[in-house]
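Quick notes on the structure that follows.
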Amino acid sequence: MMNKLKHNTKIKLISLLSAITLWLYVMAIVDPTDTKLFENVPIVISNMNELKEKGFVIYPDGELTIDVSISGKLSKIQKVKKEDIHVYGTIENPMEGKNQVYLRVPTLPGMTHELKSNVIAVNLDKIVQENKNIEVKLEGNSKGNIDKVSIDGDKKSIEVSGPRTLVNEVTKVIGVLDVGSRTQDFSSEINLTPVDKNGNKVKGVKLYQSTLKVSATLLKEKTVPIRVKLKENTSDNEKVPSYELSKSNIVIKGSKDLIDGIEYIETKEVNLDDITSGFPKDVELNIPKGISSDTKYITIKLNGDKSLQKEFTYSKDEIELRNSDGKNTSDIDIPESVKVTVDYPSTIENLEKSDIKLYIDLSKPNENQKYKIEYDSSYKFNKIVIDPSEI
């Protein structure tokens with residue numbers, strides 16, 4: 001059988017030539033009519049410049065396409081490519097919303113065409129501009145130490161432009177500031193992103209500017225003493241129990257304006273009579289609003305010894321003037337009496353008024369042109385209060 005096939009070369013050649021001749025005859029003489037479908041042919045809107053001038057844009061902005069069928073002689077159809085077919089449409093009297101577009105296709109020589117539809121609907125959106133609020137989000141290890149963030153130029157909002165539908169989706173414009181582990185005030189440039197109510201980026205809109213310069217101010221720290229606020233004890237005003245605190249100072253943190261005005265932190269009111277000797281008690285600190293601290297409570301403990309308290313009243317003539325430059329007490333507005341309250345340890349026996357000398361140094365006025373009433377004594381007191389403290 002194989003040998004027969006090998007020896008029939010002449011017959012096979014004649015058959016091939018006959019087939020080619022027949023095909024050429026059909027194409028040249030008969031050339032039947034056929035139809036060919038082209039899918040997703042792009043549609044060109046011919047008056048796009050007019051739409052832009054009137055502030056319109058096609059939204060959604062996906063490519064407009066349509067299916068086109070062409071009919072004609074088979075020999076011509078086979079030569080047509082998708083790129084040879086052009087579909088045009090014009091939006092007459094454009095308005096925001098749905099617009100009907102009538103389509104047309106230039107005729108190809110010797111062929112006819114048919115569109116899937118001669119009319120399509122195109123949605124137009126108006127290009128609008130709106131100001132949206134700016135929000136700076138903090139990231140990094142030290143974000144909790146930020147006092148405030150200021151935007152260069154005190155900008156509160158920024159212009160967002162684009163199709164009305166998209167601009168309406170934008171609820172705010174956010175910028176992320178990476179604080180890192182910074183410990184000093186700093187400035188940085190942040191990128192801006194328009195987002196919707198869920199925090200997702202809104203694509204297809206433009207920002208008046210894509211970046212902003214911001215300045216960050218960190219909270220300040222300060223170490224201040226702790227003062228115990230004692231409840232007045234009317235039943236025994238002569239003796240105050242001696243006590244000690246678990247710590248005498250506290251580190252506070254806050255804005256510079258608040259921190260600068262704080263000289264000490266006071267406890268909530270404490271009644272030492274409620275504290276039993278040998279049993280410490282936790283006392284809450286009175287931390288001002290806007291100030292933070294890792295310490296919220298301290299421990300107060302009574303000592304075995306009790307301190308004593310006495311009050312003395314001084315007349316104006318008993319107050320010494322130092323560096324007076326010739327002035328005397330009648331030349332200065334000193335009250336007729338000055339009250340001095342002294343808390344002192346019981347190791348001081350028979351404390352007398354003469355043990356405490358009051359004086360005013362006229363060479364040291366404060367910034368308000370007032371003078372502090374000071375004292376001299378050979379004893380060391382737990383506490384002394386002079387009322388009034390300045391004149």
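Residue numbering restarts at 1 for every chain of the structure tokens, chains are lettered A, B, ... in their displayed order, and ligands are numbered from 1 as they appear.
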
**Study point:** All alpha helix (DSSP H) positions in region 194-308 of chain A, as a VMD selection string
**Key:** chain A and resid 256 to 260

Dump as a short mmCIF file (atom, residue, chain, number, x, y, z; two decimals), in the first residue's frame, selection limited to N, CA, C and O atoms:
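Here's the written file part_18.cif:
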```
data_model
loop_
_atom_site.label_atom_id
_atom_site.label_comp_id
_atom_site.auth_asym_id
_atom_site.auth_seq_id
_atom_site.Cartn_x
_atom_site.Cartn_y
_atom_site.Cartn_z
N LYS A 256 2.57 73.46 75.84
CA LYS A 256 3.47 74.42 76.46
C LYS A 256 2.70 75.48 77.24
O LYS A 256 3.11 75.87 78.34
N ASP A 257 1.59 75.95 76.69
CA ASP A 257 0.81 76.99 77.36
C ASP A 257 0.32 76.53 78.73
O ASP A 257 0.33 77.30 79.69
N LEU A 258 -0.12 75.27 78.82
CA LEU A 258 -0.61 74.76 80.10
C LEU A 258 0.54 74.43 81.05
O LEU A 258 0.49 74.75 82.24
N ILE A 259 1.57 73.79 80.50
CA ILE A 259 2.69 73.35 81.34
C ILE A 259 3.38 74.54 82.02
O ILE A 259 3.73 74.48 83.20
N ASP A 260 3.57 75.61 81.27
CA ASP A 260 4.29 76.77 81.82
C ASP A 260 3.58 77.38 83.02
O ASP A 260 4.21 78.00 83.88
#
```

Practice item. Write down as a ChimeraX atom specification the residues of region 68-221 of chain A whose backbone DSSP state falls under strand (DSSP E). Key: /A:68-73,87-90,97-104,111-115,119-139,146-151,157-163,172-178,186-195,206-207,211-218,220-221

Excluding same-chain residues fewer than 3 positions from Lys220 (chain A), what lies within 6 Å of it counting only C-alpha atoms, as a JSON list (two decimals) with N, CA, C and O atoms, in the first residue's frame?
```
[["chain", "number", "residue", "atom", "x", "y", "z"],
["A", 253, "LYS", "N", 2.82, 66.07, 81.55],
["A", 253, "LYS", "CA", 2.97, 66.30, 80.12],
["A", 253, "LYS", "C", 1.74, 67.05, 79.61],
["A", 253, "LYS", "O", 0.61, 66.76, 80.00],
["A", 254, "GLY", "N", 1.97, 68.02, 78.73],
["A", 254, "GLY", "CA", 0.86, 68.80, 78.18],
["A", 254, "GLY", "C", 1.39, 69.84, 77.21],
["A", 254, "GLY", "O", 2.58, 69.91, 76.92],
["A", 255, "SER", "N", 0.47, 70.66, 76.72],
["A", 255, "SER", "CA", 0.88, 71.73, 75.81],
["A", 255, "SER", "C", 1.72, 72.76, 76.57],
["A", 255, "SER", "O", 1.59, 72.91, 77.79],
["A", 256, "LYS", "N", 2.57, 73.46, 75.84],
["A", 256, "LYS", "CA", 3.47, 74.42, 76.46],
["A", 256, "LYS", "C", 2.70, 75.48, 77.24],
["A", 256, "LYS", "O", 3.11, 75.87, 78.34]]
```

Review point. Do you know which residues are at most 6 Å from region 31-44 of chain A counting only C-alpha atoms, after dropping those on the same chain fewer than 4 positions away, and could you put them as a list in words?
Key: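 These residues fall inside the cut-off: Val26, Met27, Leu64, Thr65, Ile66, Asp67, Val68, Ser69, Ile70, Ser71, Gly72, Lys73, Leu74, Val87 and Tyr88 of chain A.
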
Review point. Hey, what's within 9 Å of Lys132 (chain A) if we count only C-alpha atoms and toss same-chain stuff fewer than 6 positions away? As an MDAnalysis selection string, please?
Key: chainID A and resid 156:160 170:173 194

**Study point:** Shell around Thr211 (chain A) at 7 Å using only C-alpha atoms, local window under 2 positions removed, as JSON, numbers by chain
**Key:** {"A": [189, 190, 191, 192, 209, 213]}

Check your understanding: CA of Val205 (chain A) to CA of Glu130 (chain A): how many Å, to one decimal?
Key -> 10.9 Å

**Study point:** Given only C-alpha atoms as the counted atoms, nearest of A:Lys289, A:Lys222, A:Lys201, A:Lys301 to Tyr243 (chain A)
**Key:** A:Lys301

Exercise for review: Could you tell me which of A:Lys247, A:Lys126, A:Lys353, A:Lys197 comes closest to Thr165 (chain A) if we count only C-alpha atoms?
Suggested key: A:Lys126

Review point. Distance CA of Glu244 (chain A)-CA of Leu272 (chain A), one decimal place?
Key: 11.3 Å

Study note, to complete from the structure: Across A:Lys372, A:Val128, A:Pro109, A:Ile360, the smallest distance to Glu320 (chain A), with only C-alpha atoms counted, is shown by A:Ile360

Practice item. Would you mind listing what lies within 10 Å of Leu321 (chain A) as a PyMOL selection string, with only C-alpha atoms counted and same-chain residues fewer than 6 positions away left out? Key: chain A and resi 327-329+332+358-362+373

Review point. Which one is closest to Pro225 (chain A): A:Leu212, A:Ser242, A:Ile262, A:Glu135? Count only C-alpha atoms.
Key: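 Checking each candidate against Pro225 (chain A), we get A:Ile262 as the closest.
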